[in-house]
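Undergrad: Please see the structure below; I have some questions.
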Amino acid sequence: MTRTAILVGNPNVGKSALFGALTGRYVTVSNYPGTTVEVTRGAGVLGKREWHVLDTPGANGLLPASEDEQATRDILLAEREFVVVQVCDAKNLTRGLLMTAQLAEAGVPMVLALNMSDEAAGRGIQIDAAGLAAELGIPVVETVAVQRRGLARLASMVDEARPSKLRVRYDPALEAAIAQVEALLPAGQGLSGRAIAIMALAGDESLRGFLAARVPEEALARVDGLRRGLTGRESLRFSIARQRLAAVERLQQSVVTRTATGQSAERALRKLGEWSVHPVLGVPVLLAVLSVCYLFVGQLGAKTAVDFLEAVVFKEYLVPWATSLLAWLHAPALLSGDAGLIIGRYGLFSMGLSYGVAIVLPIVTTFFLAFSVLEDSGYLPRLAAMLNRAFRLLGLNGKAVLPLILGLGCDTMATLTARILETKKERMVVTLLLALAIPCSAQLAVIFAMLAGVHLAAALWFLGAIAAVMLLVGFLAARVIPGRGSDFILELPPLRIPQAGNVLVKTVARVEWYAREALPLFLLGTAVLWGMDRIGALAVLERAAAPVVTGLLGLPRETAGAFILGFLRRDYAAAGLFAQIEPALRAGAVTREMEVQIVVALVTVTLFLPCIAQLFMMLKERGTRATLLTVGFILPFAFGMGGLLNFLMRRFYL
């Protein structure tokens, strides 16, 4: 029978990198039953046989404070015939040992991987792995997952996994209550009776259903009575955590020595990491990061690469070659010419691929490269810490910056990652902001390209309008949407020099996702536009939308076609706008009137309806009612803000 190895660990300890190294490419990702939390499963040969390998969400303990932590705890409750491979950050051994202590209480067979041991050594942290193994009574292996160091030894040790002999002894009153609750519980659970008793006494409401199905009501009432009897000046949950921490710190001090040595690069990165979260010094660091990203994405991607692919590769070579090929094949007029399906005003090749490959792909690629570097360096959590106070104005905390920044890559996946926020209210506010004001990478690509051709003052009107919308909508939503916020607790990983291999793998995977998921929609959108043009529906819709587009927004009538396609994908609408003004941008002939139109169009498209994929993700994550309310608010709001901006810019900018 194939057994299961469950990877467990705190967030940001390299657990996923270890999973990938142990399993290779044959993995599946699915929601854990009854939740929206994704778990990843794979298979790998560990030791002398094949194992199922399961990667759990990052968790700081088995007493859940979030949906991710509850899913990890529930996996350990539900699985049978498993061993735990705990992945620990060697630089923060105390935090890792707090999880070890809880797994030891749970009585699960386990192996401990001290990951990022190279970074610990660079900081002068020396861990006596053999001494720690003797204290815990389990195999302990030092690893560097991203370099595959120590992984062969770790895999060979999985067969030797066993329950840890570490035992935290609590105060006599608590120990007596634990013994009484443990006696009420049935045997044969995934976790030990002692661990479940401690969770129940700590008031873990997420465990209530599990207990109700296994013990009688009078036993649950007795547990509640014991918990009330133990409640004193501090909460029982806090008391348990305090006593557990004291025991773990004694163990940590016995196996860790620190030296004054450390590599100069490590010291420099540590100092830069401190600056990046400083309330004053963090601002120039942020501005420097944004400037480099703009030069890389906005200039290299949106100008140099786009100009070459769109003006040279497509217009001078590929489109003429395809036109000649169709003529040589004596293709019918339906395929070529001004109204052709392949080559034409709305041609699949001349428009669809041109938009998707020549205009959007180079900027998406450079954006994904920049984002992967920031992600791998450990800067994103620091950005969250620095912006925590500002996000409080929106009823959120600094954690919300992570899904919002991810939205600059893909709003659909960012909507999924909003689950890292602890309360329903926070997840709803972030979902609204993602659907309303965060442009995805494909859309951002076109925004960069269009703003590069206008004066700085016009670009500031765009940035100011989007920032004002985010602040206004976030501020009001935080007061209208019922519920509460949460405290800001986020582990800051060290700043690292990004590994080129990791950055490349992530970028290739994301570009592959774009080619597979987004590029076909450009072709579909082009086909829809071509069909509507052929039957005259496009002209009808353009006439119907003209009063809003030309009157309220002050845009050319042809722009209506781009907004119509915005219902399919917002980035397609943005690409359509770019195509209309691209000749003027290339010639440097953009007038102030055109600058007003560009800013108004970009703001309206940015605030426009979410794309179809994001809409389905919102339905899945937030439900039908919340999604319909969000869409019902966004559509009139987008055109209303576009009209207001058109009025203000014509009054104060022209």
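Residue numbering restarts at 1 in every chain; chains get A, B, ... in the order shown in the structure tokens, and ligands count up from 1 in that same order.
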Applying 8 Å and only C-alpha atoms, which residues near Ser156 (chain A) remain after dropping the ones on its own chain fewer than 4 positions away? List them as a list in words.

TA: Leu46, Gly47, Lys48 and Ala152 of chain A

Undergrad: Using only C-alpha atoms, determine which residues lie at most 9 Å from region 203-220 of chain A, disregarding the query and same-chain residues fewer than 6 positions distant; provide the list as an MDAnalysis selection string.

TA: chainID A and resid 63:64 70 74 181 184:186 196 227 236:237

Undergrad: Residues at most 10 Å from Ala120 (chain A), counting only C-alpha atoms, excluding those fewer than 2 positions away in the same chain, as JSON, numbers by chain?

TA: {"A": [89, 90, 91, 92, 93, 114, 115, 116, 117, 118, 122, 123, 124, 125, 126, 127, 258, 262, 266]}

Undergrad: Fewer than 4 positions away in the same chain doesn't count, so skip those; otherwise give me all residues within 10 Å of Leu318 (chain A), counting only C-alpha atoms, as a list in words.

TA: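 Residues near the query, excluding close chain neighbours: Leu309, Glu310, Val312, Val313, Phe314, Ala322, Thr323, Ser324, Phe349, Ser350 and Ser354 of chain A.
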
Undergrad: From the options A:Leu226, A:Leu151, A:Ala59, A:Ala161, which residue's atoms come nearest to Phe82 (chain A), counting only C-alpha atoms?

TA: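 With only C-alpha atoms as the atom set, the closest residue is A:Ala161.
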
Undergrad: Could you check which of A:Leu325, A:Leu300, A:Val87, A:Ala145 is closest to Ala452 (chain A), using only C-alpha atoms?

TA: A:Leu300

Undergrad: So that I can check the surroundings of Gly398 (chain A), please list as a PyMOL selection string every protein, DNA and RNA residue that reaches within 6 Å of it, counting only C-alpha atoms and ignoring chain neighbours fewer than 6 positions away.

TA: chain A and resi 384-385+387-388

Undergrad: So that I can check the surroundings of Ser66 (chain A), please list as number ranges by chain every protein, DNA and RNA residue that reaches within 9 Å of it, counting only C-alpha atoms and ignoring chain neighbours fewer than 4 positions away.

TA: A: 59, 70-71, 419-423

Undergrad: Store the residues picked out above in a file with C-alpha atoms, as a PDB file, in the first residue's frame.

TA:
ATOM      1  CA  ALA A  59       0.317  27.282   8.723  1.00  0.00           C
ATOM      2  CA  GLN A  70      -7.830  24.905   9.271  1.00  0.00           C
ATOM      3  CA  ALA A  71      -7.347  23.006   5.997  1.00  0.00           C
ATOM      4  CA  ARG A 419      -8.464  33.848   0.653  1.00  0.00           C
ATOM      5  CA  ILE A 420      -5.212  34.599   2.555  1.00  0.00           C
ATOM      6  CA  LEU A 421      -7.182  37.399   4.246  1.00  0.00           C
ATOM      7  CA  GLU A 422      -8.746  36.229   7.465  1.00  0.00           C
ATOM      8  CA  THR A 423     -12.247  37.734   7.382  1.00  0.00           C
TER       9      THR A 423
END

Undergrad: Between A:Ala478, A:Ala527, A:Val596, A:Ala78, which one has atoms that come closest to Leu654 (chain A), using only C-alpha atoms?

TA: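 Checking each of A:Ala478, A:Ala527, A:Val596, A:Ala78 against Leu654 (chain A), counting only C-alpha atoms, the winner is A:Val596.
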
Undergrad: One decimal, Å: what's the distance from CA of Pro163 (chain A) over to CA of Leu230 (chain A), could you say?

TA: 29.0 Å

Undergrad: Just asking: which residues within region 458-559 of chain A are helix (DSSP H, G or I) according to DSSP, as a count of residues only?

TA: 76

Undergrad: Report the distance between CA of Val306 (chain A) and CA of Val357 (chain A) in Å, rounded to one decimal place.

TA: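 Value for the CA of Val306 (chain A)-CA of Val357 (chain A) distance: 9.1 Å.
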
Undergrad: Return as a PyMOL selection string the full set of residues in region 123-177 of chain A whose backbone-based DSSP assignment is strand (DSSP E or B).

TA: chain A and resi 125-127+140-142+144+149+162-163

Undergrad: Restricting the calculation to only C-alpha atoms, which member of A:Ala155, A:Val528, A:Leu97, A:Leu396 is positioned closest to Lys424 (chain A)?

TA: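 Among the listed residues, A:Leu396 lies closest to Lys424 (chain A).
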
Undergrad: Out of A:Phe462, A:Val85, A:Phe475, A:Met649, which residue has the shortest atom-to-atom distance to Leu553 (chain A) when counting only C-alpha atoms?

TA: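 Nearest candidate to Leu553 (chain A) out of A:Phe462, A:Val85, A:Phe475, A:Met649: A:Met649.
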
Undergrad: Out of A:Pro11, A:Gly96, A:Pro109, A:Leu380, which residue has the shortest atom-to-atom distance to Asp68 (chain A) when counting only C-alpha atoms?

TA: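 Among A:Pro11, A:Gly96, A:Pro109, A:Leu380, it is A:Pro11 that comes nearest to Asp68 (chain A).
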
Undergrad: By how many Å are CA of Asn10 (chain A) and CA of Gln86 (chain A) apart?

TA: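 Those two atoms sit 9.0 Å apart.
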